[in-house]
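What's in entry_35.txt: compact mmCIF, C-alpha atoms and all ligand atoms
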# COMPACT_ATOMS: atom_id res chain seq x y z
CA MET A 6 -18.63 -4.30 -20.03
CA ARG A 7 -15.14 -4.78 -21.49
CA ILE A 8 -13.25 -6.81 -18.88
CA GLY A 9 -9.54 -7.57 -18.99
CA ILE A 10 -7.85 -10.55 -17.39
CA VAL A 11 -4.07 -10.48 -16.99
CA GLY A 12 -2.79 -14.01 -16.32
CA LEU A 13 -4.94 -16.72 -17.88
CA GLY A 14 -4.45 -19.47 -15.31
CA LEU A 15 -6.71 -21.25 -12.83
CA ILE A 16 -8.20 -18.09 -11.28
CA GLY A 17 -8.00 -15.78 -14.30
CA GLY A 18 -9.42 -18.43 -16.63
CA SER A 19 -12.23 -19.34 -14.23
CA LEU A 20 -13.20 -15.67 -13.83
CA ALA A 21 -13.17 -15.23 -17.60
CA ILE A 22 -15.44 -18.25 -18.19
CA ASP A 23 -18.12 -17.01 -15.77
CA LEU A 24 -17.95 -13.34 -16.75
CA ARG A 25 -18.09 -14.08 -20.49
CA ARG A 26 -21.14 -16.31 -19.97
CA GLN A 27 -22.87 -13.27 -18.48
CA GLY A 28 -22.34 -11.37 -21.75
CA HIS A 29 -19.26 -9.30 -20.91
CA HIS A 30 -16.56 -8.88 -23.56
CA LEU A 31 -13.44 -10.61 -22.24
CA LEU A 32 -9.89 -9.51 -23.13
CA GLY A 33 -7.04 -11.76 -22.00
CA VAL A 34 -3.32 -11.15 -21.65
CA SER A 35 -1.06 -14.01 -20.68
CA ARG A 36 2.67 -14.63 -20.77
CA ARG A 37 2.65 -17.45 -23.34
CA LEU A 38 1.16 -17.12 -26.81
CA GLU A 39 -0.09 -20.76 -26.67
CA THR A 40 -2.15 -19.94 -23.58
CA CYS A 41 -3.69 -16.91 -25.33
CA GLN A 42 -4.53 -18.97 -28.40
CA GLN A 43 -6.00 -21.79 -26.30
CA ALA A 44 -8.17 -19.34 -24.33
CA VAL A 45 -9.67 -17.93 -27.54
CA ARG A 46 -10.07 -21.39 -29.10
CA GLN A 47 -11.96 -22.66 -26.05
CA GLY A 48 -14.20 -19.56 -25.93
CA ILE A 49 -12.85 -18.57 -22.50
CA VAL A 50 -12.12 -15.02 -23.75
CA ASP A 51 -13.09 -13.07 -26.87
CA GLN A 52 -9.56 -11.87 -27.63
CA ALA A 53 -6.16 -12.67 -26.14
CA GLU A 54 -2.51 -11.90 -26.77
CA PRO A 55 0.72 -11.57 -24.78
CA GLU A 56 0.88 -7.78 -25.26
CA MET A 57 -0.72 -5.38 -22.75
CA GLY A 58 -1.84 -3.06 -25.57
CA LEU A 59 -4.98 -5.24 -25.76
CA MET A 60 -6.11 -3.70 -22.44
CA ALA A 61 -6.29 -0.16 -23.88
CA ASP A 62 -10.09 0.04 -23.77
CA ALA A 63 -10.78 -2.33 -20.87
CA GLU A 64 -13.11 -0.85 -18.24
CA VAL A 65 -12.13 -3.26 -15.47
CA VAL A 66 -8.95 -5.36 -15.34
CA PHE A 67 -8.43 -8.35 -13.03
CA LEU A 68 -4.75 -8.97 -12.23
CA CYS A 69 -4.45 -12.76 -12.00
CA THR A 70 -0.73 -13.49 -12.42
CA PRO A 71 1.22 -15.24 -9.66
CA LEU A 72 2.11 -12.72 -6.92
CA GLY A 73 5.77 -12.71 -7.94
CA ALA A 74 4.92 -11.54 -11.46
CA LEU A 75 2.44 -8.86 -10.41
CA ALA A 76 4.72 -5.79 -10.10
CA ALA A 77 6.25 -6.31 -13.55
CA ALA A 78 2.82 -6.94 -15.11
CA VAL A 79 1.41 -3.75 -13.53
CA ALA A 80 4.39 -1.70 -14.79
CA GLN A 81 3.68 -2.89 -18.35
CA LEU A 82 -0.08 -2.50 -18.00
CA LEU A 83 -0.50 1.01 -16.57
CA PRO A 84 0.83 3.00 -19.56
CA GLN A 85 -1.69 1.15 -21.79
CA LEU A 86 -4.79 1.68 -19.62
CA SER A 87 -7.45 4.34 -19.99
CA PRO A 88 -7.29 6.65 -16.91
CA ALA A 89 -10.85 5.66 -15.92
CA ALA A 90 -10.07 1.92 -15.88
CA ILE A 91 -10.65 0.08 -12.62
CA LEU A 92 -7.98 -2.38 -11.53
CA THR A 93 -8.49 -5.23 -9.11
CA ASP A 94 -6.38 -8.26 -8.24
CA VAL A 95 -7.01 -11.78 -6.94
CA GLY A 96 -3.83 -12.31 -4.89
CA SER A 97 -3.93 -14.51 -1.79
CA VAL A 98 -2.07 -11.80 0.16
CA LYS A 99 -3.41 -8.25 0.23
CA ALA A 100 -1.24 -5.71 2.12
CA PRO A 101 1.83 -5.91 -0.18
CA VAL A 102 -0.35 -5.64 -3.31
CA VAL A 103 -2.39 -2.71 -1.95
CA ASP A 104 0.86 -0.95 -0.91
CA GLN A 105 2.37 -1.62 -4.33
CA MET A 106 -0.64 -0.10 -6.10
CA ALA A 107 -0.55 2.96 -3.82
CA ALA A 108 3.15 3.37 -4.65
CA VAL A 109 2.49 3.38 -8.41
CA GLY A 110 -0.34 5.89 -7.85
CA TRP A 111 -3.27 4.03 -9.46
CA SER A 112 -6.03 5.02 -7.01
CA ASN A 113 -8.77 3.29 -9.02
CA PHE A 114 -7.66 -0.02 -7.52
CA VAL A 115 -9.61 -2.41 -5.32
CA GLY A 116 -7.75 -5.28 -3.66
CA GLY A 117 -9.59 -8.58 -3.96
CA HIS A 118 -9.25 -12.23 -3.05
CA PRO A 119 -11.71 -14.81 -4.34
CA MET A 120 -11.26 -17.63 -1.85
CA ALA A 121 -11.62 -20.57 -4.17
CA GLY A 122 -9.02 -22.82 -5.66
CA LYS A 123 -7.75 -26.32 -6.21
CA ALA A 124 -4.46 -28.16 -6.39
CA GLU A 125 -4.11 -27.89 -10.18
CA SER A 126 -2.91 -24.71 -11.85
CA GLY A 127 -2.85 -23.15 -15.30
CA LEU A 128 -5.58 -22.54 -17.86
CA GLU A 129 -6.41 -26.27 -18.17
CA ALA A 130 -7.53 -26.21 -14.53
CA ALA A 131 -9.94 -23.27 -15.07
CA GLU A 132 -13.60 -24.16 -14.66
CA ALA A 133 -17.06 -22.60 -14.62
CA GLY A 134 -18.69 -21.84 -11.28
CA LEU A 135 -15.47 -22.01 -9.23
CA PHE A 136 -16.52 -19.03 -7.10
CA VAL A 137 -20.14 -20.01 -6.39
CA ASP A 138 -20.88 -19.80 -2.63
CA ARG A 139 -17.26 -19.00 -1.88
CA ALA A 140 -15.99 -15.94 0.02
CA TYR A 141 -14.76 -13.04 -2.10
CA VAL A 142 -12.82 -10.58 0.05
CA LEU A 143 -12.48 -6.92 -0.97
CA THR A 144 -9.95 -4.70 0.81
CA PRO A 145 -10.66 -1.07 -0.15
CA VAL A 146 -8.69 1.58 1.74
CA GLU A 147 -9.63 5.16 2.63
CA THR A 148 -8.54 6.54 -0.73
CA THR A 149 -10.34 3.89 -2.84
CA PRO A 150 -13.13 5.53 -4.90
CA PRO A 151 -16.52 4.11 -3.78
CA ALA A 152 -17.61 3.72 -7.42
CA ALA A 153 -14.66 1.39 -8.07
CA VAL A 154 -15.58 -0.70 -5.01
CA GLU A 155 -19.21 -0.90 -6.16
CA THR A 156 -18.20 -2.03 -9.66
CA VAL A 157 -15.86 -4.78 -8.43
CA ALA A 158 -18.35 -5.88 -5.74
CA ALA A 159 -21.13 -6.15 -8.36
CA LEU A 160 -18.90 -8.34 -10.56
CA ALA A 161 -17.94 -10.55 -7.60
CA GLN A 162 -21.60 -10.80 -6.62
CA SER A 163 -22.48 -11.85 -10.16
CA LEU A 164 -20.26 -14.91 -9.62
CA HIS A 165 -22.57 -15.86 -6.72
CA SER A 166 -19.75 -15.30 -4.25
CA GLN A 167 -20.21 -14.07 -0.71
CA ILE A 168 -18.61 -10.62 -0.38
CA TYR A 169 -16.57 -9.66 2.70
CA TYR A 170 -14.92 -6.30 3.32
CA CYS A 171 -11.89 -5.84 5.55
CA ASP A 172 -8.60 -3.98 5.68
CA PRO A 173 -5.63 -5.58 3.92
CA ALA A 174 -3.65 -6.35 7.08
CA ALA A 175 -6.63 -7.99 8.81
CA HIS A 176 -7.17 -10.11 5.68
CA ASP A 177 -3.54 -11.23 5.73
CA ARG A 178 -3.66 -12.19 9.42
CA ALA A 179 -6.93 -14.08 8.98
CA VAL A 180 -5.77 -16.03 5.93
CA ALA A 181 -2.51 -16.86 7.71
CA TRP A 182 -4.64 -18.85 10.20
CA ILE A 183 -7.04 -20.56 7.87
CA SER A 184 -5.12 -20.90 4.62
CA HIS A 185 -1.36 -20.33 4.88
CA LEU A 186 -0.71 -22.03 8.26
CA PRO A 187 -2.67 -25.16 7.17
CA VAL A 188 -0.45 -25.48 4.07
CA MET A 189 2.71 -25.42 6.20
CA LEU A 190 1.29 -27.86 8.80
CA SER A 191 0.00 -30.22 6.18
CA ALA A 192 3.36 -30.15 4.36
CA SER A 193 5.15 -30.80 7.68
CA LEU A 194 2.87 -33.76 8.33
CA ILE A 195 3.72 -35.32 4.97
CA ALA A 196 7.45 -34.59 5.48
CA ALA A 197 7.41 -36.11 8.99
CA CYS A 198 5.75 -39.31 7.71
CA LEU A 199 8.23 -39.57 4.86
CA ALA A 200 11.09 -39.28 7.36
CA GLU A 201 10.04 -42.54 9.09
CA PRO A 202 13.33 -44.47 9.19
CA ASP A 203 11.85 -47.97 8.80
CA ALA A 204 11.04 -48.51 5.11
CA SER A 205 8.57 -51.33 5.83
CA VAL A 206 6.61 -49.09 8.27
CA ILE A 207 6.31 -46.19 5.86
CA GLU A 208 5.32 -48.56 3.06
CA LEU A 209 2.60 -50.02 5.26
CA ALA A 210 1.45 -46.50 6.28
CA GLN A 211 1.26 -45.48 2.62
CA SER A 212 -0.96 -48.49 1.89
CA LEU A 213 -3.20 -47.91 4.90
CA ALA A 214 -3.62 -44.13 4.42
CA SER A 215 -7.31 -43.32 4.27
CA SER A 216 -9.73 -40.41 4.77
CA GLY A 217 -7.95 -38.92 7.81
CA PHE A 218 -4.65 -38.66 5.98
CA ARG A 219 -6.36 -37.55 2.78
CA ASP A 220 -8.05 -34.61 4.59
CA THR A 221 -5.02 -33.51 6.59
CA SER A 222 -2.44 -33.87 3.79
CA ARG A 223 -4.47 -32.31 0.95
CA VAL A 224 -3.25 -28.71 1.15
CA GLY A 225 0.35 -29.72 1.86
CA GLY A 226 0.38 -31.70 -1.38
CA GLY A 227 -0.69 -28.71 -3.51
CA ASN A 228 1.11 -26.25 -5.81
CA PRO A 229 4.59 -25.60 -4.23
CA GLU A 230 4.94 -22.25 -6.01
CA LEU A 231 1.76 -20.98 -4.37
CA GLY A 232 2.94 -22.14 -0.91
CA VAL A 233 6.24 -20.31 -1.27
CA MET A 234 4.38 -17.17 -2.41
CA MET A 235 2.17 -17.31 0.71
CA ALA A 236 5.24 -17.51 2.97
CA ARG A 237 7.15 -14.88 1.06
CA TYR A 238 4.40 -12.27 0.85
CA ASN A 239 2.67 -12.97 4.16
CA GLN A 240 5.83 -13.67 6.14
CA SER A 241 5.10 -11.88 9.43
CA ALA A 242 1.50 -13.07 9.85
CA LEU A 243 2.46 -16.62 8.87
CA LEU A 244 5.39 -16.65 11.26
CA GLU A 245 3.18 -15.46 14.12
CA SER A 246 0.68 -18.26 13.47
CA LEU A 247 3.42 -20.90 13.05
CA LEU A 248 4.94 -19.93 16.42
CA ALA A 249 1.53 -20.05 18.10
CA TYR A 250 0.97 -23.46 16.56
CA ARG A 251 4.35 -24.69 17.82
CA GLU A 252 3.29 -23.68 21.33
CA GLN A 253 0.13 -25.76 20.97
CA LEU A 254 2.16 -28.69 19.68
CA ASP A 255 4.60 -28.38 22.62
CA GLN A 256 1.67 -28.48 25.06
CA MET A 257 0.35 -31.57 23.33
CA ILE A 258 3.76 -33.28 23.44
CA GLN A 259 3.93 -32.50 27.15
CA SER A 260 0.45 -33.95 27.84
CA VAL A 261 1.36 -37.16 26.03
CA GLN A 262 4.83 -37.43 27.58
CA GLN A 263 3.42 -36.92 31.08
CA GLN A 264 0.45 -39.20 30.36
CA ASN A 265 -1.80 -36.31 31.32
CA TRP A 266 -4.84 -37.78 29.60
CA LEU A 267 -7.24 -35.43 31.35
CA GLU A 268 -5.43 -32.35 30.01
CA LEU A 269 -5.37 -33.89 26.54
CA GLU A 270 -9.06 -34.71 26.72
CA GLN A 271 -9.91 -31.15 27.80
CA LYS A 272 -7.94 -29.78 24.87
CA LEU A 273 -9.72 -32.10 22.43
CA ILE A 274 -13.13 -31.17 23.89
CA GLN A 275 -12.25 -27.49 23.37
CA THR A 276 -11.16 -28.06 19.77
CA GLN A 277 -14.21 -30.21 18.99
CA GLN A 278 -16.47 -27.38 20.16
CA GLY A 279 -14.35 -24.59 18.65
CA ARG A 280 -14.19 -26.09 15.17
CA SER A 281 -17.88 -25.44 14.54
CA LYS A 282 -17.27 -21.68 14.84
CA PHE A 283 -15.51 -21.71 11.46
CA THR A 284 -18.14 -21.14 8.76
CA ILE A 285 -17.13 -24.04 6.53
CA CYS A 286 -17.29 -26.51 9.44
CA LYS A 287 -20.83 -25.62 10.54
P1 LIG A 301 -1.89 -20.11 -12.21
O1 LIG A 301 -2.91 -21.14 -12.45
O2 LIG A 301 -0.45 -20.48 -12.26
O3 LIG A 301 -2.17 -18.93 -13.24
C1 LIG A 301 -1.38 -17.79 -13.40
C2 LIG A 301 -1.15 -17.62 -14.90
O4 LIG A 301 -0.54 -16.35 -15.11
C3 LIG A 301 -0.18 -18.64 -15.47
O5 LIG A 301 -0.90 -19.74 -15.97
C4 LIG A 301 0.59 -17.89 -16.54
O6 LIG A 301 0.05 -18.25 -17.80
C5 LIG A 301 0.22 -16.43 -16.31
N1 LIG A 301 1.37 -15.58 -16.09
C6 LIG A 301 2.49 -15.84 -15.39
N2 LIG A 301 3.30 -14.77 -15.41
C7 LIG A 301 2.67 -13.83 -16.15
C8 LIG A 301 2.99 -12.52 -16.57
N3 LIG A 301 4.15 -11.96 -16.22
N4 LIG A 301 2.09 -11.84 -17.34
C9 LIG A 301 0.94 -12.39 -17.71
N5 LIG A 301 0.58 -13.65 -17.35
C10 LIG A 301 1.44 -14.35 -16.59
O7 LIG A 301 -2.09 -19.42 -10.79
P2 LIG A 301 -3.46 -19.18 -10.02
O8 LIG A 301 -3.66 -20.29 -9.07
O9 LIG A 301 -4.52 -18.81 -10.98
O10 LIG A 301 -3.06 -17.92 -9.14
C11 LIG A 301 -3.08 -16.63 -9.67
C12 LIG A 301 -3.32 -15.65 -8.54
O11 LIG A 301 -4.52 -16.05 -7.86
C13 LIG A 301 -2.21 -15.61 -7.48
O12 LIG A 301 -1.99 -14.28 -7.13
C14 LIG A 301 -2.79 -16.35 -6.30
O13 LIG A 301 -2.33 -15.80 -5.09
C15 LIG A 301 -4.27 -16.10 -6.47
N6 LIG A 301 -5.17 -17.13 -5.92
C16 LIG A 301 -4.90 -18.45 -6.11
C17 LIG A 301 -5.77 -19.40 -5.59
C18 LIG A 301 -5.53 -20.88 -5.77
O14 LIG A 301 -6.01 -21.68 -4.98
N7 LIG A 301 -4.81 -21.27 -6.78
C19 LIG A 301 -6.93 -19.00 -4.91
C20 LIG A 301 -7.19 -17.64 -4.78
C21 LIG A 301 -6.30 -16.70 -5.30
P3 LIG A 301 0.94 -18.65 -19.08
O15 LIG A 301 2.37 -18.73 -18.63
O16 LIG A 301 0.36 -19.97 -19.46
O17 LIG A 301 0.67 -17.58 -20.04
For the file at hand, write its structure as structure tokens.
Ligand code: NAP
Amino acid sequence: MRIGIVGLGLIGGSLAIDLRRQGHHLLGVSRRLETCQQAVRQGIVDQAEPEMGLMADAEVVFLCTPLGALAAAVAQLLPQLSPAAILTDVGSVKAPVVDQMAAVGWSNFVGGHPMAGKAESGLEAAEAGLFVDRAYVLTPVETTPPAAVETVAALAQSLHSQIYYCDPAAHDRAVAWISHLPVMLSASLIAACLAEPDASVIELAQSLASSGFRDTSRVGGGNPELGVMMARYNQSALLESLLAYREQLDQMIQSVQQQNWLELEQKLIQTQQGRSKFTICK
């Protein structure tokens, strides 16, 4: 199959590596010429250039630019594509992308979100096997042709990902809880520590920081651009989860202030039991 990747970064590059190893012919388009040249040099894609004309005979194209660059990339891409081409994306937020594609009238589009990543970005961060055993969410809507869904699902399956289907809005609400809210909380944790007024205390804390801080601060110390994109494109779901979290925090503050250790203990028993219901924590 001739597969196009638009945006040769962490996700686009990692997809290209795995799909090319399976024998597909990989075509890459990226903003910078150096990135295109590097991708060919490293054998990540067969051909690459900054111009969308390269996608003319692609059968499936993965849109892997940052969310903010997606609309402009799609506008340049569509006039170059064969009418039978299947488009899919990898964006961390689904409803705005699915709506955007409906507005431009490309029905052969399947929203997708491979739920794998790391703190680093760009082509240098791309790696083989990034999607193995990770969730890959597909968000077809009523008008999505079943053949397009099957094609994208088969490619995702070939990466050894676990496929989930849901509607775009449900995806966005779910990822607000388990991906976007944690970034904001983790960032707030780091910011709160850094605001400690006593320089000797914060210095000591920085020296003593160990596994607990490493685990809870990891996502807040990631790519700022990605965090802003989550908030910008998933604003209402994120806001809802942030407000619910603030309520929980207020209850916790109250338990501590009132020395209500029993209430605090009950809450911590509930969270200890509840955590195991999240797949990754089993
Ligand atoms: P990334 O590493 O920054 O890669 C995006 C690449 O797109 C950049 O390296 C840039 O390459 C290229 N690019 C930027 N603007 C472009 C344009 N107008 N046309 C063509 N190429 C352009 O970002 P990423 O982490 O792979 O994220 C890409 C998408 O994956 C986002 O939609 C994000 O929501 C989604 N996602 C990310 C993660 C994660 O954890 N990182 C996980 C799942 C999904 P050059 O400038 O070098 O050419």
Name all residues at most 6 Å from region 112-125 of chain A (count only C-alpha atoms; drop same-chain ones fewer than 5 positions away) and give them as JSON, numbers by chain. {"A": [91, 92, 93, 94, 95, 96, 97, 130, 136, 140, 141, 142, 143, 144, 145, 227, 228]}
Can you work out which residues are within 6 Å of ligand LIG 301 (chain A), considering all atoms listed in the file, and then hand them over as a ChimeraX atom specification? /A:11-17,34-37,40,69-72,74,78,95-97,118-123,126-128
Any chance you can output those residues with C-alpha atoms as a short mmCIF file (atom, residue, chain, number, x, y, z; two decimals), keeping the file's coordinate frame?
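Below is the file that was written, result25.cif:
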data_model
loop_
_atom_site.label_atom_id
_atom_site.label_comp_id
_atom_site.auth_asym_id
_atom_site.auth_seq_id
_atom_site.Cartn_x
_atom_site.Cartn_y
_atom_site.Cartn_z
CA VAL A 11 -4.07 -10.48 -16.99
CA GLY A 12 -2.79 -14.01 -16.32
CA LEU A 13 -4.94 -16.72 -17.88
CA GLY A 14 -4.45 -19.47 -15.31
CA LEU A 15 -6.71 -21.25 -12.83
CA ILE A 16 -8.20 -18.09 -11.28
CA GLY A 17 -8.00 -15.78 -14.30
CA VAL A 34 -3.32 -11.15 -21.65
CA SER A 35 -1.06 -14.01 -20.68
CA ARG A 36 2.67 -14.63 -20.77
CA ARG A 37 2.65 -17.45 -23.34
CA THR A 40 -2.15 -19.94 -23.58
CA CYS A 69 -4.45 -12.76 -12.00
CA THR A 70 -0.73 -13.49 -12.42
CA PRO A 71 1.22 -15.24 -9.66
CA LEU A 72 2.11 -12.72 -6.92
CA ALA A 74 4.92 -11.54 -11.46
CA ALA A 78 2.82 -6.94 -15.11
CA VAL A 95 -7.01 -11.78 -6.94
CA GLY A 96 -3.83 -12.31 -4.89
CA SER A 97 -3.93 -14.51 -1.79
CA HIS A 118 -9.25 -12.23 -3.05
CA PRO A 119 -11.71 -14.81 -4.34
CA MET A 120 -11.26 -17.63 -1.85
CA ALA A 121 -11.62 -20.57 -4.17
CA GLY A 122 -9.02 -22.82 -5.66
CA LYS A 123 -7.75 -26.32 -6.21
CA SER A 126 -2.91 -24.71 -11.85
CA GLY A 127 -2.85 -23.15 -15.30
CA LEU A 128 -5.58 -22.54 -17.86
#
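Note that the spacing between CA of Val157 (chain A) and CA of Val66 (chain A) amounts to 9.8 Å.
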Computed interatomic separation between CA of Val224 (chain A) and CA of Val188 (chain A) (Å):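 Going from CA of Val224 (chain A) over to CA of Val188 (chain A), I get 5.2 Å.
Interatomic distance, CA of Gln47 (chain A) to CA of Leu135 (chain A): 17.2 Å.
When all atoms listed in the file are used to measure the gap to Arg139 (chain A), the shortest distance among A:Ala192, A:Val154, A:Ile168, A:Ala181 belongs to A:Ile168.
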Need the shell around Ser193 (chain A): protein/DNA/RNA residues with any atom at most 12 Å away, counting all atoms listed in the file. Skip same-chain ones fewer than 6 positions apart. Format as number ranges by chain? A: 186-187, 199-200, 221-226, 247, 251
Smallest atom-to-atom distance to Arg25 (chain A): which of A:Val103, A:Val206, A:Leu86, A:Leu160, using all atoms listed in the file?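 So, comparing all the options, the nearest one is A:Leu160.
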All residues 10 Å or closer to Arg237 (chain A), only C-alpha atoms, same chain fewer than 4 positions away omitted, as a ChimeraX atom specification: /A:72-73,98,231-233,241,243
So that each row is one residue of region 119-208 of chain A with an atom at most 7 Å from region 99-102 of chain A, can you give its shortest atom pair and the distance in Å to one decimal, using only C-alpha atoms, rows by chain and rising number, as CSV?
residue,atom,partner,partner_atom,distance
A:Pro173,CA,A:Ala100,CA,4.7
A:Ala174,CA,A:Ala100,CA,5.6
A:His176,CA,A:Lys99,CA,6.9
A:Asp177,CA,A:Lys99,CA,6.3
N, CA and C atoms restored at region 215-242 of chain A, emitted as a compact mmCIF listing (two decimals), keeping the file's coordinate frame:
# COMPACT_ATOMS: atom_id res chain seq x y z
N SER A 215 -5.90 -43.39 4.65
CA SER A 215 -7.31 -43.32 4.27
C SER A 215 -7.82 -41.89 4.43
N SER A 216 -9.11 -41.75 4.79
CA SER A 216 -9.73 -40.41 4.77
C SER A 216 -9.04 -39.40 5.71
N GLY A 217 -8.59 -39.84 6.87
CA GLY A 217 -7.95 -38.92 7.81
C GLY A 217 -6.70 -38.30 7.20
N PHE A 218 -5.89 -39.15 6.59
CA PHE A 218 -4.65 -38.66 5.98
C PHE A 218 -4.97 -37.84 4.72
N ARG A 219 -5.98 -38.29 3.99
CA ARG A 219 -6.36 -37.55 2.78
C ARG A 219 -6.75 -36.10 3.15
N ASP A 220 -7.58 -35.95 4.20
CA ASP A 220 -8.05 -34.61 4.59
C ASP A 220 -6.92 -33.75 5.12
N THR A 221 -6.04 -34.33 5.93
CA THR A 221 -5.02 -33.51 6.59
C THR A 221 -3.80 -33.26 5.69
N SER A 222 -3.62 -34.05 4.65
CA SER A 222 -2.44 -33.87 3.79
C SER A 222 -2.77 -33.11 2.51
N ARG A 223 -4.07 -32.86 2.25
CA ARG A 223 -4.47 -32.31 0.95
C ARG A 223 -3.75 -31.00 0.62
N VAL A 224 -3.81 -30.01 1.51
CA VAL A 224 -3.25 -28.71 1.15
C VAL A 224 -1.72 -28.71 1.13
N GLY A 225 -1.12 -29.64 1.88
CA GLY A 225 0.35 -29.72 1.86
C GLY A 225 0.87 -30.38 0.60
N GLY A 226 -0.02 -31.03 -0.13
CA GLY A 226 0.38 -31.70 -1.38
C GLY A 226 0.00 -30.87 -2.60
N GLY A 227 -0.27 -29.57 -2.39
CA GLY A 227 -0.69 -28.71 -3.51
C GLY A 227 0.48 -28.04 -4.21
N ASN A 228 0.15 -26.97 -4.97
CA ASN A 228 1.11 -26.25 -5.81
C ASN A 228 2.24 -25.61 -4.95
N PRO A 229 3.50 -26.12 -5.08
CA PRO A 229 4.59 -25.60 -4.23
C PRO A 229 4.84 -24.11 -4.45
N GLU A 230 4.68 -23.66 -5.69
CA GLU A 230 4.94 -22.25 -6.01
C GLU A 230 4.02 -21.33 -5.19
N LEU A 231 2.76 -21.77 -5.09
CA LEU A 231 1.76 -20.98 -4.37
C LEU A 231 2.11 -20.93 -2.87
N GLY A 232 2.56 -22.07 -2.33
CA GLY A 232 2.94 -22.14 -0.91
C GLY A 232 4.09 -21.20 -0.60
N VAL A 233 5.08 -21.19 -1.50
CA VAL A 233 6.24 -20.31 -1.27
C VAL A 233 5.79 -18.85 -1.34
N MET A 234 4.89 -18.55 -2.28
CA MET A 234 4.38 -17.17 -2.41
C MET A 234 3.67 -16.73 -1.13
N MET A 235 2.88 -17.65 -0.53
CA MET A 235 2.17 -17.31 0.71
C MET A 235 3.19 -16.92 1.79
N ALA A 236 4.24 -17.75 1.93
CA ALA A 236 5.24 -17.51 2.97
C ALA A 236 6.01 -16.22 2.69
N ARG A 237 6.33 -16.02 1.43
CA ARG A 237 7.15 -14.88 1.06
C ARG A 237 6.40 -13.55 1.25
N TYR A 238 5.15 -13.53 0.81
CA TYR A 238 4.40 -12.27 0.85
C TYR A 238 3.61 -12.07 2.13
N ASN A 239 3.41 -13.12 2.90
CA ASN A 239 2.67 -12.97 4.16
C ASN A 239 3.55 -13.43 5.32
N GLN A 240 4.84 -13.11 5.23
CA GLN A 240 5.83 -13.67 6.14
C GLN A 240 5.51 -13.41 7.62
N SER A 241 5.22 -12.16 7.99
CA SER A 241 5.10 -11.88 9.43
C SER A 241 3.85 -12.53 10.02
N ALA A 242 2.72 -12.45 9.31
CA ALA A 242 1.50 -13.07 9.85
C ALA A 242 1.64 -14.59 9.91
